[in-house]
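Content type mmCIF, C-alpha atoms, from the file my_file18.cif:
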data_work
loop_
_atom_site.label_atom_id
_atom_site.label_comp_id
_atom_site.auth_asym_id
_atom_site.auth_seq_id
_atom_site.Cartn_x
_atom_site.Cartn_y
_atom_site.Cartn_z
CA MET A 1213 -63.22 -13.73 -4.88
CA ILE A 1214 -61.60 -12.22 -1.79
CA ASN A 1215 -57.95 -13.19 -1.37
CA VAL A 1216 -57.93 -13.64 2.40
CA PRO A 1217 -54.20 -14.56 2.72
CA TYR A 1218 -53.27 -11.39 0.79
CA LEU A 1219 -55.46 -9.24 3.03
CA LEU A 1220 -54.00 -10.79 6.18
CA LEU A 1221 -50.46 -10.28 4.91
CA ARG A 1222 -51.27 -6.60 4.43
CA LYS A 1223 -52.90 -6.46 7.88
CA PHE A 1224 -49.90 -8.15 9.52
CA PRO A 1225 -46.84 -6.92 7.57
CA GLN A 1226 -44.40 -8.66 9.95
CA LEU A 1227 -46.01 -12.06 9.45
CA LYS A 1228 -43.98 -12.96 6.36
CA ALA A 1229 -40.69 -12.06 8.09
CA ASN A 1230 -41.73 -14.00 11.20
CA ILE A 1231 -42.48 -17.10 9.11
CA ILE A 1232 -39.01 -16.91 7.56
CA LYS A 1233 -37.35 -16.27 10.93
CA ALA A 1234 -39.16 -19.27 12.43
CA ARG A 1235 -37.97 -21.39 9.50
CA VAL A 1236 -41.50 -22.56 8.79
CA LYS A 1237 -41.18 -24.65 5.63
CA GLU A 1238 -44.36 -23.27 4.11
CA SER A 1239 -45.19 -20.28 1.97
CA PRO A 1240 -46.88 -17.40 3.83
CA GLU A 1241 -50.09 -17.96 1.83
CA PHE A 1242 -50.19 -21.68 2.66
CA PHE A 1243 -49.42 -20.96 6.32
CA ILE A 1244 -52.32 -18.49 6.52
CA ARG A 1245 -54.74 -20.92 4.85
CA ARG A 1246 -53.69 -23.65 7.27
CA SER A 1247 -54.10 -21.25 10.20
CA ILE A 1248 -57.60 -20.33 9.00
CA ASN A 1249 -58.58 -24.01 8.78
CA LEU A 1250 -57.18 -24.81 12.23
CA ALA A 1251 -58.87 -21.75 13.73
CA PHE A 1252 -62.19 -22.72 12.13
CA TYR A 1253 -62.11 -26.29 13.44
CA LEU A 1254 -61.03 -25.15 16.91
CA SER A 1255 -63.74 -22.48 17.13
CA VAL A 1256 -66.40 -24.93 15.91
CA GLY A 1257 -65.42 -27.42 18.61
CA LEU A 1258 -65.47 -24.77 21.33
CA THR A 1259 -68.79 -23.40 20.06
CA ILE A 1260 -70.32 -26.87 20.34
CA LEU A 1261 -69.26 -26.97 24.00
CA VAL A 1262 -70.77 -23.52 24.53
CA PHE A 1263 -73.97 -24.78 22.88
CA PHE A 1264 -74.43 -27.47 25.52
CA VAL A 1265 -73.81 -24.92 28.30
CA ILE A 1266 -76.29 -22.41 26.81
CA SER A 1267 -78.95 -25.05 26.16
CA LYS A 1268 -78.81 -26.24 29.77
CA ALA A 1269 -78.96 -22.67 31.05
CA GLY A 1270 -82.00 -21.93 28.90
CA LYS A 1271 -80.32 -19.02 27.07
CA SER A 1272 -81.03 -17.96 23.51
CA LEU A 1273 -79.14 -19.91 20.88
CA LEU A 1274 -78.63 -16.65 18.97
CA LEU A 1275 -75.68 -16.07 21.30
CA LEU A 1276 -73.81 -18.81 19.47
CA LEU A 1277 -73.09 -16.62 16.43
CA PRO A 1278 -71.16 -13.86 18.26
CA VAL A 1279 -69.49 -16.52 20.42
CA PHE A 1280 -68.36 -18.34 17.27
CA LEU A 1281 -67.05 -15.13 15.67
CA VAL A 1282 -65.11 -14.16 18.80
CA LEU A 1283 -63.63 -17.65 19.15
CA LEU A 1284 -62.73 -17.68 15.45
CA SER A 1285 -60.95 -14.32 15.72
CA LEU A 1286 -59.04 -15.33 18.85
CA SER A 1287 -58.09 -18.73 17.39
CA LEU A 1288 -56.88 -17.15 14.15
CA LEU A 1289 -54.76 -14.62 16.06
CA PHE A 1290 -53.30 -17.47 18.10
CA TRP A 1291 -52.24 -19.47 15.04
CA LEU A 1292 -50.95 -16.42 13.17
CA ASN A 1293 -48.77 -15.52 16.16
CA SER A 1294 -47.44 -19.05 16.57
CA PRO A 1295 -44.23 -18.23 14.62
CA LYS A 1296 -43.34 -15.71 17.35
CA GLY A 1297 -43.23 -18.55 19.87
CA ILE A 1298 -40.91 -20.52 17.58
CA ILE A 1299 -38.70 -17.44 17.15
CA ARG A 1300 -38.42 -16.97 20.92
CA LYS A 1301 -37.49 -20.63 21.31
CA ARG A 1302 -34.82 -20.35 18.61
CA GLU A 1303 -33.50 -17.18 20.23
CA ARG A 1304 -33.10 -18.84 23.63
CA GLU A 1305 -31.46 -21.89 22.03
CA ILE A 1306 -28.84 -19.95 20.10
CA ASN A 1307 -28.18 -17.48 22.95
CA LYS A 1308 -27.31 -20.43 25.13
CA GLU A 1309 -24.49 -21.52 22.81
CA VAL A 1310 -23.65 -18.36 20.89
CA LEU A 1311 -20.27 -18.03 22.61
CA PHE A 1312 -19.45 -21.69 21.92
CA ALA A 1313 -20.36 -21.21 18.27
CA GLY A 1314 -18.33 -18.02 17.94
CA ARG A 1315 -15.28 -19.49 19.67
CA TYR A 1316 -15.48 -22.61 17.50
CA LEU A 1317 -15.47 -20.46 14.37
CA LEU A 1318 -12.62 -18.39 15.77
CA VAL A 1319 -10.45 -21.45 16.40
CA LYS A 1320 -11.10 -22.73 12.88
CA LEU A 1321 -10.32 -19.37 11.27
CA GLU A 1322 -7.20 -18.85 13.36
CA SER A 1323 -5.95 -22.26 12.22
CA GLY A 1324 -6.14 -21.05 8.61
CA ALA A 1325 -9.34 -22.79 7.52
CA PRO A 1326 -11.41 -20.98 4.85
CA LEU A 1327 -14.68 -19.46 6.04
CA PHE A 1328 -16.86 -21.94 4.16
CA ASN A 1329 -14.96 -24.90 5.61
CA ALA A 1330 -15.25 -23.38 9.07
CA LEU A 1331 -19.02 -23.06 8.60
CA ILE A 1332 -19.25 -26.68 7.46
CA ASP A 1333 -17.26 -27.88 10.49
CA ALA A 1334 -19.48 -25.77 12.77
CA SER A 1335 -22.58 -27.34 11.21
CA LYS A 1336 -21.22 -30.80 12.04
CA SER A 1337 -20.20 -29.97 15.60
CA TYR A 1338 -22.13 -30.90 18.71
CA GLY A 1339 -24.69 -28.68 20.34
CA ILE A 1340 -27.79 -26.77 19.35
CA SER A 1341 -25.82 -24.15 17.41
CA ALA A 1342 -24.84 -26.75 14.80
CA LYS A 1343 -28.30 -26.78 13.24
CA TYR A 1344 -28.23 -23.00 12.74
CA PHE A 1345 -24.92 -23.21 10.87
CA LYS A 1346 -26.34 -26.13 8.91
CA GLU A 1347 -29.18 -23.90 7.71
CA ILE A 1348 -26.56 -21.51 6.31
CA THR A 1349 -24.48 -24.24 4.66
CA ASP A 1350 -27.62 -25.81 3.19
CA ASP A 1351 -28.47 -22.49 1.51
CA ILE A 1352 -24.93 -22.29 0.13
CA ASN A 1353 -25.06 -25.89 -1.13
CA LEU A 1354 -28.32 -25.10 -2.92
CA GLY A 1355 -26.52 -22.46 -4.98
CA THR A 1356 -26.78 -19.30 -2.89
CA PRO A 1357 -23.50 -17.33 -2.81
CA ILE A 1358 -21.86 -17.47 0.60
CA GLU A 1359 -22.12 -13.70 1.10
CA ILE A 1360 -25.85 -13.62 0.28
CA ALA A 1361 -26.47 -16.69 2.47
CA LEU A 1362 -24.79 -14.97 5.42
CA VAL A 1363 -26.68 -11.71 4.77
CA ASN A 1364 -30.00 -13.60 4.71
CA ALA A 1365 -29.06 -15.51 7.87
CA ARG A 1366 -28.17 -12.22 9.60
CA GLU A 1367 -31.38 -10.53 8.49
CA TYR A 1368 -33.62 -13.33 9.70
CA ALA A 1369 -31.61 -14.46 12.73
CA SER A 1370 -33.63 -14.81 15.92
CA SER A 1371 -30.74 -13.82 18.20
CA GLU A 1372 -29.18 -10.35 18.26
CA LYS A 1373 -25.94 -11.85 19.58
CA PHE A 1374 -25.79 -14.29 16.68
CA LYS A 1375 -26.41 -11.36 14.32
CA LEU A 1376 -23.25 -9.67 15.65
CA ILE A 1377 -21.15 -12.70 14.73
CA LEU A 1378 -22.74 -12.99 11.29
CA SER A 1379 -22.23 -9.25 10.70
CA GLU A 1380 -18.49 -9.63 11.22
CA LEU A 1381 -18.40 -12.51 8.73
CA VAL A 1382 -20.36 -10.48 6.16
CA THR A 1383 -18.11 -7.44 6.66
CA SER A 1384 -15.03 -9.59 6.21
CA LEU A 1385 -16.34 -10.98 2.93
CA LYS A 1386 -17.29 -7.55 1.60
CA THR A 1387 -14.07 -5.75 2.56
CA GLY A 1388 -11.61 -8.61 2.46
CA ALA A 1389 -10.34 -7.74 5.93
CA ASP A 1390 -9.18 -10.31 8.45
CA VAL A 1391 -12.21 -11.38 10.47
CA VAL A 1392 -10.25 -12.81 13.42
CA PRO A 1393 -9.51 -9.55 15.36
CA SER A 1394 -13.04 -8.17 14.98
CA LEU A 1395 -14.56 -11.54 15.84
CA LYS A 1396 -12.50 -11.62 19.04
CA GLU A 1397 -13.85 -8.18 20.00
CA VAL A 1398 -17.44 -9.26 19.33
CA LEU A 1399 -17.02 -12.40 21.45
CA ALA A 1400 -15.53 -10.32 24.27
CA GLN A 1401 -18.51 -7.96 24.05
CA ILE A 1402 -20.98 -10.87 24.14
CA THR A 1403 -19.13 -12.32 27.16
CA LYS A 1404 -19.47 -9.02 29.03
CA GLU A 1405 -23.18 -8.82 28.17
CA GLN A 1406 -23.79 -12.34 29.42
CA LEU A 1407 -21.92 -11.64 32.66
CA ILE A 1408 -24.16 -8.61 33.17
CA GLU A 1409 -27.21 -10.80 32.50
CA ILE A 1410 -26.03 -13.28 35.14
CA LYS A 1411 -25.55 -10.51 37.73
CA THR A 1412 -28.97 -9.05 36.89
CA TYR A 1413 -30.50 -12.52 37.18
CA GLY A 1414 -29.02 -12.91 40.68
CA LYS A 1415 -30.64 -9.67 41.82
CA ARG A 1416 -33.99 -10.54 40.26
CA LEU A 1417 -33.83 -14.06 41.70
CA ASN A 1418 -33.52 -12.69 45.23
CA ALA A 1419 -36.65 -10.59 44.76
CA VAL A 1420 -38.61 -13.47 43.21
CA MET A 1421 -37.50 -15.84 45.97
CA MET A 1422 -38.78 -13.37 48.57
CA MET A 1423 -42.14 -13.22 46.78
CA TYR A 1424 -42.19 -17.01 46.56
CA LEU A 1425 -41.61 -17.40 50.29
CA ILE A 1426 -44.38 -14.92 51.08
CA PHE A 1427 -47.07 -15.87 48.55
CA ALA A 1428 -46.37 -19.58 48.05
CA THR A 1429 -45.21 -20.63 51.53
CA VAL A 1430 -46.05 -18.27 54.39
CA ILE A 1431 -49.47 -16.97 53.32
CA PRO A 1432 -50.88 -20.40 52.27
CA SER A 1433 -49.59 -22.03 55.48
CA LEU A 1434 -50.93 -19.32 57.77
CA GLY A 1435 -54.11 -19.04 55.74
CA MET A 1436 -54.92 -22.74 56.00
CA THR A 1437 -54.09 -22.74 59.72
CA MET A 1438 -56.30 -19.72 60.42
CA PHE A 1439 -59.10 -21.11 58.28
CA THR A 1440 -59.00 -24.43 60.17
CA VAL A 1441 -59.14 -22.64 63.54
CA ILE A 1442 -61.94 -20.27 62.48
CA ALA A 1443 -63.88 -23.12 60.89
CA GLY A 1444 -63.75 -24.99 64.21
CA PHE A 1445 -65.12 -21.98 66.14
CA ILE A 1446 -68.00 -21.12 63.80
CA SER A 1447 -68.76 -24.73 62.83
CA ILE A 1448 -67.93 -24.47 59.13
CA GLN A 1449 -67.93 -27.89 57.56
CA VAL A 1450 -64.74 -28.58 55.59
CA THR A 1451 -66.02 -30.45 52.56
CA PRO A 1452 -63.93 -32.32 49.97
CA VAL A 1453 -64.79 -29.56 47.48
CA LEU A 1454 -63.11 -26.92 49.67
CA ILE A 1455 -60.05 -29.12 50.06
CA ILE A 1456 -59.82 -29.68 46.30
CA LEU A 1457 -60.19 -25.93 45.66
CA ALA A 1458 -57.45 -25.13 48.19
CA ILE A 1459 -55.10 -27.72 46.71
CA SER A 1460 -55.83 -26.46 43.18
CA PHE A 1461 -55.09 -22.89 44.26
CA LEU A 1462 -51.75 -23.97 45.76
CA VAL A 1463 -50.85 -25.93 42.63
CA ILE A 1464 -51.60 -22.90 40.45
CA ILE A 1465 -49.37 -20.71 42.63
CA GLN A 1466 -46.52 -23.22 42.48
CA LEU A 1467 -46.79 -23.60 38.70
CA SER A 1468 -46.92 -19.83 38.27
CA PHE A 1469 -43.68 -19.37 40.18
CA ILE A 1470 -42.05 -22.21 38.25
CA MET A 1471 -42.90 -20.39 35.01
CA ILE A 1472 -41.57 -17.12 36.44
CA PHE A 1473 -38.27 -18.77 37.42
CA LYS A 1474 -37.91 -20.26 33.94
CA SER A 1475 -38.75 -16.99 32.18
CA ILE A 1476 -36.18 -14.86 34.06
CA ARG A 1477 -33.36 -17.40 33.76
CA PRO A 1478 -30.77 -16.12 31.25
CA MET A 1479 -29.83 -18.54 28.50
CA VAL A 1480 -26.06 -18.27 28.80
CA ASN A 1481 -23.27 -20.80 28.61
CA LEU A 1482 -19.91 -19.25 29.41
#
Is it possible to express this structure as structure tokens?
Amino acid sequence: MINVPYLLLRKFPQLKANIIKARVKESPEFFIRRSINLAFYLSVGLTILVFFVISKAGKSLLLLLPVFLVLLSLSLLFWLNSPKGIIRKREREINKEVLFAGRYLLVKLESGAPLFNALIDASKSYGISAKYFKEITDDINLGTPIEIALVNAREYASSEKFKLILSELVTSLKTGADVVPSLKEVLAQITKEQLIEIKTYGKRLNAVMMMYLIFATVIPSLGMTMFTVIAGFISIQVTPVLIILAISFLVIIQLSFIMIFKSIRPMVNL
């Protein structure tokens, strides 16, 4: 019997690491089996819709087989790549509060608190970063040594900035050196990087705003005005269908720019 999950794990070597990074509480084999089932049901449903379209158009039903295979492949790729979306979400969440988390740890360590106690306090603090520290403390409470728990958290962290903080903690545990001075330097470096991101965002925002004014305000306004004038001269009847199409086109443009604005916004919290 063909072991499909094993073959897919060999085909996508990063899938196992992505599942761990996304903190999916399933084994890679179970996740793949579930993805196959979801992809199968989704492709069957879409194929049924295609069947009604083909039957009305009088096309050969033999087209359903390649359509089903294509839909199955695309659906399976979608579900297998779903951990990447979770990873990106986790990255944006932790990047937003990485400075807060680092400064909180720094205050605790400077006050003389042991590292484990500082991690526990950070896991009970407010903000999104608390749940990421709680994942580390949960591993430690389950019996994982604190050094190994921090190494695993660093290896599978979604945020590169968070990795820098965890690296300093791991180095401190391995060498026995004071983590406070190096942690201060890392936080200063992250602060500079986020300031650069904010300045870059300002420049990119000006360019996007110019595009928005042209493609989402000026061109649609002038286009509709010119179309109305031309339609009056050549006696084109403006039907409800044309109005709905025009409104739909404008809505799509507005939504597209909203997504662009959200995607370029840096997740920083100084």
Length of the atom CA of A:Lys1223 to atom CA of A:Leu1289 vector [Å]
11.7 Å
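Nearest to A:Lys1343 of all the residues A:Ala1313, A:Leu1219, A:Leu1327, A:Ile1442 is A:Ala1313, counting only C-alpha atoms.
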List the residues selected by the PyMOL selection byres ((chain A and resi 1233) around 8) in the file shown, writing them as JSON, numbers by chain.
{"A": [1229, 1230, 1231, 1232, 1234, 1235, 1236, 1299, 1368, 1369, 1370]}
Output of the PyMOL selection byres ((chain A and resi 1390) around 12), listed as a PyMOL selection string:
chain A and resi 1318+1321-1322+1324+1326-1327+1380-1389+1391-1396
Decode the PyMOL selection byres ((chain A and resi 1328) around 12) for the given file into explicit residues and return them as a ChimeraX atom specification.
/A:1317,1320-1321,1324-1327,1329-1335,1345-1346,1348-1353,1357-1359,1361-1362,1381,1385
Can you work out the spacing between atom CA of A:Leu1292 and atom CA of A:Pro1217 in Å, to one decimal?
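Interatomic distance here is 11.1 Å.
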Determine, counting only C-alpha atoms, which protein, DNA and RNA residues have an atom within 12 Å of an atom of A:Ile1465; residues of the same chain fewer than 2 positions away are not included. Present the result as a PyMOL selection string.
chain A and resi 1423-1429+1431-1432+1458-1463+1467-1472
